[in-house]
Amino acid sequence: MLEWRKQDNESRKMKLITKTVLVIAALTLAACDQNSRFDNPLGGSGVSDDFADSGLAASNPASPEYFRQFVGDSVLFLVDAYTLNASARATLDDQAQWLMDNPGYTAIVQGHADERGTREYNLALGDRRANSARDYLLSLGVDAGRVKTVSYGKERPAQLCSDESCYSENRRAITVLVAG
Amino acid sequence: MTRLFAIILAVLALAVPVSAQQGPLRIEITEGVIEPLPFAAPSFVAVNADAQEVGADIASVVAADLVSTGLFRQIQDSAFISGITSFSSPVEFADWKAINAQALISGQVSTDGNRLVIQFRVYDVFAGQELGNGLQFAGTTDGWRRMAHKVADAVYSRITGETGYFDSRIVFVSERGNKGDRQKGLAIMDYDGANVQLLTDDSSIVLAPRFSPTGDRVLYTSYETGFPRIYLLDVGSASRRVLEQQPGSISFAPRFGPDGNTVVYSLATGGNTDLYRMNLNGTGQVRLTSSPAIDTAPSFSPDGSQIVFESDRSGSQQLYVMPATGGQAKRISFGAGRYGTPVWSPRGDLIAFTKQHKGRFHIGVMRTDGSEERLLTASFLDEGPSWSPNGRVIMFTRETQGSAGSASLYSVDITGRNLQRIRTPYGASDPAWSPLQ
C-alpha cells in the first residue's frame, strides 16, 4: 500500500500530479492486496461494489476505490494498544482531507484485534481502536455525524497465519465509505 | 420442534430382600480417581418386541454417559456369563462378580404406540444388594435419549454422591468457512452432541450465547443490525428480539441474573466499555462500572449477590468481584498473566476463567476469593469456560493455529482429568451448558 506523508498545500498540488502519474502506472500493475471486504454494516452493497476492481475507477480521486488504494483505508496498532503512531496519523490526515473534499460520503470505522486474546476483550479493544481513529478524524474537522464506529474484535482477521507477521496486519482500524 | 416431555417418577417395590450390610460402592470425585469403576449395563429387557431396539439404545446411552465421566469403565456384553433376561428375577451376583462388574444396571422397557415406559435398578454386585430404589420413567418414545440420561444421572448420583449432569443441553456457535470470514449461527444440542438443531441462520455473526436459569431462553450477541448488540432468544420457538439499540454504541457479553429477568452486559460507547444491568423488558438500566478501563465478561454468583468480571483497570486483564448493584470491585486474580471470561460455578464455590501467559492459553479455576488457582488445560488457544449443572465439568472452546485453524468444543473435569472433544457437525465455539432439565 502506498503511503503519503503529510504535506502543505503547495506540495499537495504536486502530490496530486504525482498521484495521477502513479494512478496511470497502477493501471498496468497487478491489483493491490485486497483485504476481503465483508458486507457494509449499514446495509446496501457499499459504494465500492459499484466500481469493483476496475483500475479505471481508482483514477478518479473522488472515488472510494481511490480512497482505498491511494489515500489508505487502514491504520495499524501495536499489541493491546489503541494509540495512533505517526504513520497512522498521516494516513488519517489524508482520510480526513478526502472526507472533507467529498461531502457525499459518510464513513464507518471498523476496529479489529488479533486472535491472541479472549472474545469479549477483543470486541472492546476493537472498539477502542475504531474510536481512536474516529476521534482523530473529528479533531481534524470531519463532522461527527459523518463517522460511525463498529468493532469486529477478532472475528474478521485480514491475514490468517498465526504469527506476528499476520497479527500486526490484523490489529487495525479500517475506514469504510458509505454513499450518502 | 417443541419437545413436550412428561416424566413420572415412581418408586418400585424392591424385588430382592435388603441385606443388613451397606454396600461400599462409592466414588469420591474430589479424591482423583485412580481406577475407573467397572460396571455392566446389559440391554434393557423389552416387555414387547417393538421395544427391543430402544432397550438396547437406552443401555448404550447410559453406558456412554458413565464412561464419558472418566470415572467408570464398561464391561462389554461379550464378557457376560449370564445376562438379564427378566427384570424382576433375582440377580445371579456370582456371575457378575466373576467378571468384576462392581455395579450392575438392570432395566426394562415397554412401548405402547408413542408411549415409552422405562424401569431400572442399580446393584452393588459385591455387596449383593440393590443400591437405592428402583425407578420408573414414562414419556413419549421420541424422548428416549432424555430418559436414558436421567437413568445415568441417577446411577452417577448414587455412586458418587453428586448430582448428575447428563440430562442437559449445550447452546453454542456453529461455524463454517474460511478463517477470515467465518459463517456463524446459533445451535443447540444434547450435552453429548446428539440432536443438533439450528436456532439462527449464519447470515450474520453471532457470539457467546448463554442460557437462562431455567434453560428456556438464551442471551447472545449478534451483528444482525450491522453492529454487535445483545439479543434474547426463546429456545422453544427460536424467536428473538434485540434488547439494546443505542445509536453510537455497541453491546455484548450478556448474562442472565439468577432470577431469569435481568441481564448484565457490556456497553461500549465513545471508546469506553463498562458494565450495565437492566430488566429484560428494557427498564431499570443501571450503570455498574465507570472506569476508563475495559470492563466486560460479567457473571453473577448463583445467589445473585455478586458479579465477577474482567477489567484492565490495573493495566492488564484481571478478575474482579463486586456487589451485583455495582460499587467497590475487589481484584481476585494475582498470578502472572492475563485473566478473562470469568464464570461463577453453579455450586458457588469456584470461578472458572481463561488465562493467557507466555503465549499459551489455559482454562483454570480458583476459589471465589482468588485463592487455590489451578490450571486445567494448556494450548495455543483455549477460552470461554462454561460449567456443567453440577459444577464438576467445564466445557470450553479450543482453537488450532494457522490459516487452516478451526474451533471445537472440549470438556474437562475440574480435577484436570478426562479432557475430551465433543463432536459437532462443523466447527464450534462459545459453548454454554444448560441447567439440568
# chains A, B, ... in the order shown; residues from 1 in each chain; ligands from 1
$ closest_atom_pairs --of "chain B" --to "chain A" --cutoff "8 Å" --atoms "only C-alpha atoms" --output "tab-separated table"
residue	atom	partner	partner_atom	distance
B:Lys179	CA	A:Leu160	CA	6.6
B:Gly180	CA	A:Pro157	CA	5.1
B:Asp181	CA	A:Arg156	CA	6.0
B:Arg182	CA	A:Glu155	CA	7.5
B:Thr225	CA	A:Pro41	CA	7.4
B:Gly226	CA	A:Pro41	CA	4.1
B:Phe227	CA	A:Val150	CA	6.1
B:Pro228	CA	A:Ser151	CA	7.6
B:Gly248	CA	A:Lys148	CA	6.9
B:Ile250	CA	A:Val150	CA	7.3
B:Phe252	CA	A:Glu120	CA	7.4
B:Ala253	CA	A:Glu120	CA	6.4
B:Ala268	CA	A:Ala124	CA	6.9
B:Gly270	CA	A:Asn131	CA	6.4
B:Gly271	CA	A:Arg128	CA	4.5
B:Asn272	CA	A:Arg128	CA	6.8
B:Thr273	CA	A:Ala124	CA	6.3
B:Ile294	CA	A:Ala124	CA	6.5
B:Thr296	CA	A:Glu120	CA	6.6
B:Ala297	CA	A:Glu120	CA	6.4
B:Gly340	CA	A:Thr118	CA	6.9
B:Thr341	CA	A:Thr118	CA	7.3
B:Thr354	CA	A:Thr118	CA	7.8
B:Gln356	CA	A:Gly117	CA	7.8
B:Leu381	CA	A:Arg116	CA	7.8
B:Glu383	CA	A:Thr118	CA	6.5
B:Gly384	CA	A:Thr118	CA	7.6
B:Gln401	CA	A:Ser162	CA	5.8
B:Gly402	CA	A:Cys161	CA	4.7
B:Ser403	CA	A:Leu160	CA	4.5
B:Ala404	CA	A:Leu160	CA	7.9
$ write_last_selection --atoms "C-alpha atoms" --output "PDB file, in the first residue's frame"
ATOM      1  CA  LYS B 179     -10.880 -18.336   8.978  1.00  0.00           C
ATOM      2  CA  GLY B 180     -11.131 -14.781   7.709  1.00  0.00           C
ATOM      3  CA  ASP B 181     -14.837 -14.991   7.012  1.00  0.00           C
ATOM      4  CA  ARG B 182     -16.434 -17.447   9.425  1.00  0.00           C
ATOM      5  CA  THR B 225     -28.181  -4.782  12.718  1.00  0.00           C
ATOM      6  CA  GLY B 226     -24.643  -4.340  11.451  1.00  0.00           C
ATOM      7  CA  PHE B 227     -23.369  -3.637  14.977  1.00  0.00           C
ATOM      8  CA  PRO B 228     -22.819  -6.032  17.914  1.00  0.00           C
ATOM      9  CA  GLY B 248     -23.309   5.261  18.734  1.00  0.00           C
ATOM     10  CA  ILE B 250     -22.326  -1.483  20.806  1.00  0.00           C
ATOM     11  CA  PHE B 252     -22.084  -7.570  24.068  1.00  0.00           C
ATOM     12  CA  ALA B 253     -21.231 -10.196  26.726  1.00  0.00           C
ATOM     13  CA  ALA B 268     -19.141   0.315  24.662  1.00  0.00           C
ATOM     14  CA  GLY B 270     -17.128   6.632  22.852  1.00  0.00           C
ATOM     15  CA  GLY B 271     -14.349   4.072  23.044  1.00  0.00           C
ATOM     16  CA  ASN B 272     -15.094   3.074  26.655  1.00  0.00           C
ATOM     17  CA  THR B 273     -16.585  -0.281  27.728  1.00  0.00           C
ATOM     18  CA  ILE B 294     -12.425  -2.189  29.588  1.00  0.00           C
ATOM     19  CA  THR B 296     -16.523  -6.962  30.403  1.00  0.00           C
ATOM     20  CA  ALA B 297     -17.425 -10.682  30.630  1.00  0.00           C
ATOM     21  CA  GLY B 340     -10.573 -13.159  31.398  1.00  0.00           C
ATOM     22  CA  THR B 341     -14.016 -14.713  30.794  1.00  0.00           C
ATOM     23  CA  THR B 354      -9.289 -18.125  30.718  1.00  0.00           C
ATOM     24  CA  GLN B 356      -3.036 -16.138  28.938  1.00  0.00           C
ATOM     25  CA  LEU B 381      -5.966 -21.065  22.236  1.00  0.00           C
ATOM     26  CA  GLU B 383     -11.077 -19.889  26.053  1.00  0.00           C
ATOM     27  CA  GLY B 384     -14.618 -19.327  27.306  1.00  0.00           C
ATOM     28  CA  GLN B 401      -3.386 -22.333  14.986  1.00  0.00           C
ATOM     29  CA  GLY B 402      -2.589 -21.380  11.428  1.00  0.00           C
ATOM     30  CA  SER B 403      -4.529 -20.302   8.378  1.00  0.00           C
ATOM     31  CA  ALA B 404      -6.469 -23.554   8.390  1.00  0.00           C
TER      32      ALA B 404
END
$ residues_around --residues "Gln306 in chain B" --least-positions-apart "4" --cutoff "7 Å" --atoms "only C-alpha atoms" --output "list of chain:residue names"
B:Phe300, B:Ser301, B:Val321, B:Met322, B:Pro323, B:Ala324
$ select_by_dssp --residues "range 128-334 of chain B" --states "helix (DSSP H, G or I)" --output "PyMOL selection string"
chain B and resi 141-160+179-181
$ closest_residue --among "B:Val117, B:Arg347, B:Ala79, B:Ser316" --to "Ala81 in chain A" --atoms "only C-alpha atoms"
B:Ser316
$ residues_around --residues "Thr325 in chain B" --least-positions-apart "4" --cutoff "12 Å" --atoms "only C-alpha atoms" --output "ChimeraX atom specification"
/B:257,262,264,275-278,284-289,300,304-307,321,329
$ residues_around --residues "Val155 in chain B" --least-positions-apart "6" --cutoff "10 Å" --atoms "only C-alpha atoms" --output "PyMOL selection string"
chain B and resi 62+66+103-105+120-123+131-132+149+161+163-164
$ residues_around --residues "range 87-102 of chain B" --least-positions-apart "6" --cutoff "7 Å" --atoms "only C-alpha atoms" --output "VMD selection string"
chain B and resid 15 to 16 38 to 40 45 75 81 108 124 to 126 128
$ write_last_selection --atoms "C-alpha atoms" --output "CSV table (one decimal), in the first residue's frame"
chain,number,residue,atom,x,y,z
B,15,ALA,CA,-37.7,-57.2,44.2
B,16,VAL,CA,-34.9,-58.6,46.4
B,38,PRO,CA,-16.1,-51.3,36.2
B,39,PHE,CA,-19.8,-51.7,35.5
B,40,ALA,CA,-22.2,-53.6,33.3
B,45,VAL,CA,-35.3,-56.0,28.7
B,75,ILE,CA,-17.6,-54.3,30.8
B,81,ILE,CA,-21.5,-65.0,31.8
B,108,GLN,CA,-36.8,-52.9,31.4
B,124,ASP,CA,-23.9,-53.1,44.2
B,125,VAL,CA,-22.6,-56.5,43.0
B,126,PHE,CA,-20.0,-57.3,45.6
B,128,GLY,CA,-25.0,-58.5,46.7
$ closest_residue --among "B:Tyr339, B:Trp433, B:Phe353, B:Trp144" --to "Ile188 in chain B" --atoms "only C-alpha atoms"
B:Trp433
$ atom_distance --atom1 "CA of Arg158 in chain B" --atom2 "CA of Leu25 in chain B"
8.8 Å
$ residues_around --residues "Ala194 in chain B" --least-positions-apart "6" --cutoff "9 Å" --atoms "only C-alpha atoms" --output "list in words"
Arg145, Arg423 and Thr424 of chain B
$ write_last_selection --atoms "C-alpha atoms" --output "mmCIF file, in the first residue's frame"
data_model
loop_
_atom_site.group_PDB
_atom_site.id
_atom_site.type_symbol
_atom_site.label_atom_id
_atom_site.label_comp_id
_atom_site.auth_asym_id
_atom_site.auth_seq_id
_atom_site.Cartn_x
_atom_site.Cartn_y
_atom_site.Cartn_z
ATOM 1 C CA ARG B 145 -32.476 -40.196 24.977
ATOM 2 C CA ARG B 423 -18.242 -33.963 18.259
ATOM 3 C CA THR B 424 -20.193 -31.323 16.310
#
$ select_by_dssp --residues "range 299-390 of chain B" --states "strand (DSSP E or B)" --output "VMD selection string"
chain B and resid 299 to 300 306 to 311 318 to 323 330 to 331 338 to 344 350 to 357 360 to 367 374 to 375 379 382 to 387
$ write_last_selection --atoms "N, CA and C atoms" --output "short mmCIF file (atom, residue, chain, number, x, y, z; two decimals), in the first residue's frame"
data_model
loop_
_atom_site.label_atom_id
_atom_site.label_comp_id
_atom_site.auth_asym_id
_atom_site.auth_seq_id
_atom_site.Cartn_x
_atom_site.Cartn_y
_atom_site.Cartn_z
N SER B 299 -20.33 -12.16 35.21
CA SER B 299 -21.03 -13.40 35.56
C SER B 299 -21.55 -13.28 36.99
N PHE B 300 -22.83 -13.59 37.19
CA PHE B 300 -23.42 -13.50 38.51
C PHE B 300 -23.01 -14.68 39.38
N GLN B 306 -23.47 -11.09 43.89
CA GLN B 306 -22.20 -10.55 43.40
C GLN B 306 -22.03 -10.81 41.91
N ILE B 307 -21.12 -10.05 41.32
CA ILE B 307 -20.76 -10.22 39.91
C ILE B 307 -19.25 -10.31 39.81
N VAL B 308 -18.76 -11.33 39.10
CA VAL B 308 -17.34 -11.41 38.79
C VAL B 308 -17.18 -10.94 37.34
N PHE B 309 -16.13 -10.21 37.05
CA PHE B 309 -15.93 -9.70 35.70
C PHE B 309 -14.45 -9.49 35.45
N GLU B 310 -14.11 -9.18 34.20
CA GLU B 310 -12.71 -8.88 33.89
C GLU B 310 -12.58 -7.39 33.59
N SER B 311 -11.44 -6.85 33.99
CA SER B 311 -11.17 -5.44 33.76
C SER B 311 -9.68 -5.25 33.56
N GLN B 318 -7.59 -8.56 34.39
CA GLN B 318 -7.62 -9.29 35.65
C GLN B 318 -9.07 -9.51 36.05
N LEU B 319 -9.29 -10.34 37.08
CA LEU B 319 -10.64 -10.64 37.53
C LEU B 319 -10.99 -9.84 38.77
N TYR B 320 -12.22 -9.37 38.81
CA TYR B 320 -12.71 -8.56 39.93
C TYR B 320 -14.08 -9.08 40.35
N VAL B 321 -14.38 -8.91 41.65
CA VAL B 321 -15.71 -9.23 42.17
C VAL B 321 -16.29 -7.96 42.77
N MET B 322 -17.57 -7.67 42.45
CA MET B 322 -18.22 -6.51 43.03
C MET B 322 -19.65 -6.89 43.40
N PRO B 323 -20.29 -6.09 44.24
CA PRO B 323 -21.70 -6.35 44.53
C PRO B 323 -22.53 -6.25 43.25
N LYS B 330 -13.33 -5.73 43.96
CA LYS B 330 -12.15 -6.30 44.60
C LYS B 330 -11.47 -7.22 43.61
N ARG B 331 -10.17 -7.00 43.43
CA ARG B 331 -9.41 -7.83 42.50
C ARG B 331 -9.16 -9.19 43.11
N ARG B 338 -2.62 -12.84 32.02
CA ARG B 338 -3.88 -12.10 31.88
C ARG B 338 -5.05 -13.04 32.12
N TYR B 339 -6.06 -12.55 32.80
CA TYR B 339 -7.22 -13.35 33.16
C TYR B 339 -8.47 -12.77 32.53
N GLY B 340 -9.34 -13.66 31.99
CA GLY B 340 -10.57 -13.16 31.40
C GLY B 340 -11.67 -14.20 31.45
N THR B 341 -12.82 -13.87 30.91
CA THR B 341 -14.02 -14.71 30.79
C THR B 341 -14.37 -15.45 32.07
N PRO B 342 -14.44 -14.76 33.23
CA PRO B 342 -14.73 -15.49 34.46
C PRO B 342 -16.18 -15.99 34.48
N VAL B 343 -16.39 -17.18 35.03
CA VAL B 343 -17.74 -17.74 35.16
C VAL B 343 -17.89 -18.37 36.53
N TRP B 344 -18.91 -17.95 37.25
CA TRP B 344 -19.13 -18.46 38.60
C TRP B 344 -19.76 -19.84 38.51
N LEU B 350 -16.47 -22.01 43.12
CA LEU B 350 -15.31 -21.75 42.27
C LEU B 350 -15.65 -20.78 41.15
N ILE B 351 -14.63 -20.16 40.61
CA ILE B 351 -14.76 -19.33 39.42
C ILE B 351 -13.83 -19.90 38.36
N ALA B 352 -14.38 -20.20 37.18
CA ALA B 352 -13.57 -20.67 36.05
C ALA B 352 -13.18 -19.47 35.22
N PHE B 353 -12.06 -19.57 34.50
CA PHE B 353 -11.57 -18.41 33.75
C PHE B 353 -10.65 -18.87 32.62
N THR B 354 -10.31 -17.93 31.76
CA THR B 354 -9.29 -18.13 30.72
C THR B 354 -8.05 -17.35 31.15
N LYS B 355 -6.91 -17.98 31.06
CA LYS B 355 -5.67 -17.29 31.41
C LYS B 355 -4.70 -17.34 30.24
N GLN B 356 -4.05 -16.22 30.00
CA GLN B 356 -3.04 -16.14 28.94
C GLN B 356 -1.69 -15.85 29.58
N HIS B 357 -0.70 -16.67 29.25
CA HIS B 357 0.62 -16.44 29.83
C HIS B 357 1.67 -17.02 28.91
N ARG B 360 0.65 -18.93 25.77
CA ARG B 360 -0.25 -20.08 25.87
C ARG B 360 -1.56 -19.65 26.55
N PHE B 361 -2.63 -20.38 26.22
CA PHE B 361 -3.92 -20.12 26.84
C PHE B 361 -4.28 -21.31 27.73
N HIS B 362 -4.95 -21.01 28.84
CA HIS B 362 -5.34 -22.06 29.78
C HIS B 362 -6.76 -21.83 30.25
N ILE B 363 -7.47 -22.95 30.52
CA ILE B 363 -8.70 -22.87 31.30
C ILE B 363 -8.29 -23.18 32.73
N GLY B 364 -8.79 -22.39 33.68
CA GLY B 364 -8.41 -22.62 35.08
C GLY B 364 -9.60 -22.38 35.99
N VAL B 365 -9.40 -22.74 37.26
CA VAL B 365 -10.40 -22.46 38.30
C VAL B 365 -9.69 -21.87 39.49
N MET B 366 -10.41 -21.07 40.25
CA MET B 366 -9.90 -20.54 41.51
C MET B 366 -11.06 -20.41 42.47
N ARG B 367 -10.74 -20.31 43.76
CA ARG B 367 -11.81 -20.05 44.73
C ARG B 367 -12.30 -18.62 44.53
N ARG B 374 -5.85 -23.10 39.97
CA ARG B 374 -5.36 -24.31 39.30
C ARG B 374 -5.65 -24.21 37.82
N LEU B 375 -4.66 -24.53 37.01
CA LEU B 375 -4.87 -24.53 35.56
C LEU B 375 -5.21 -25.94 35.11
N SER B 379 -3.04 -24.80 25.76
CA SER B 379 -2.93 -25.00 24.30
C SER B 379 -2.68 -23.66 23.64
N ASP B 382 -7.23 -21.81 24.17
CA ASP B 382 -8.39 -22.31 24.89
C ASP B 382 -9.08 -21.10 25.49
N GLU B 383 -10.40 -21.01 25.41
CA GLU B 383 -11.08 -19.89 26.05
C GLU B 383 -12.54 -20.18 26.32
N GLY B 384 -13.18 -19.34 27.14
CA GLY B 384 -14.62 -19.33 27.31
C GLY B 384 -15.19 -20.52 28.03
N PRO B 385 -14.79 -20.77 29.32
CA PRO B 385 -15.32 -21.93 30.04
C PRO B 385 -16.81 -21.78 30.35
N SER B 386 -17.50 -22.94 30.45
CA SER B 386 -18.89 -22.98 30.88
C SER B 386 -19.04 -24.19 31.80
N TRP B 387 -19.80 -24.04 32.89
CA TRP B 387 -19.90 -25.10 33.89
C TRP B 387 -21.01 -26.09 33.59
#
$ residues_around --residues "Arg146 in chain B" --least-positions-apart "5" --cutoff "10 Å" --atoms "only C-alpha atoms" --output "NGL selection string"
:B and (5 or 7 or 58 or 61 or 139 or 151-152 or 166-168 or 190 or 437)
$ write_last_selection --atoms "C-alpha atoms" --output "PDB file, in the first residue's frame"
ATOM      1  CA  PHE B   5     -41.924 -34.454  27.791  1.00  0.00           C
ATOM      2  CA  ILE B   7     -41.657 -37.821  33.370  1.00  0.00           C
ATOM      3  CA  ILE B  58     -31.052 -46.801  26.187  1.00  0.00           C
ATOM      4  CA  VAL B  61     -26.567 -44.137  26.117  1.00  0.00           C
ATOM      5  CA  GLY B 139     -42.917 -40.335  28.388  1.00  0.00           C
ATOM      6  CA  VAL B 151     -31.163 -43.053  34.299  1.00  0.00           C
ATOM      7  CA  ALA B 152     -27.464 -42.284  34.001  1.00  0.00           C
ATOM      8  CA  PHE B 166     -26.351 -35.797  31.641  1.00  0.00           C
ATOM      9  CA  ASP B 167     -29.913 -34.567  31.037  1.00  0.00           C
ATOM     10  CA  SER B 168     -28.701 -31.200  29.834  1.00  0.00           C
ATOM     11  CA  ASP B 190     -27.758 -32.546  23.887  1.00  0.00           C
ATOM     12  CA  GLN B 437     -33.735 -30.185  32.561  1.00  0.00           C
TER      13      GLN B 437
END
$ atom_distance --atom1 "CA of Ala41 in chain B" --atom2 "CA of Glu53 in chain B"
14.8 Å
$ atom_distance --atom1 "CA of Ala378 in chain B" --atom2 "CA of Asp349 in chain B"
22.8 Å
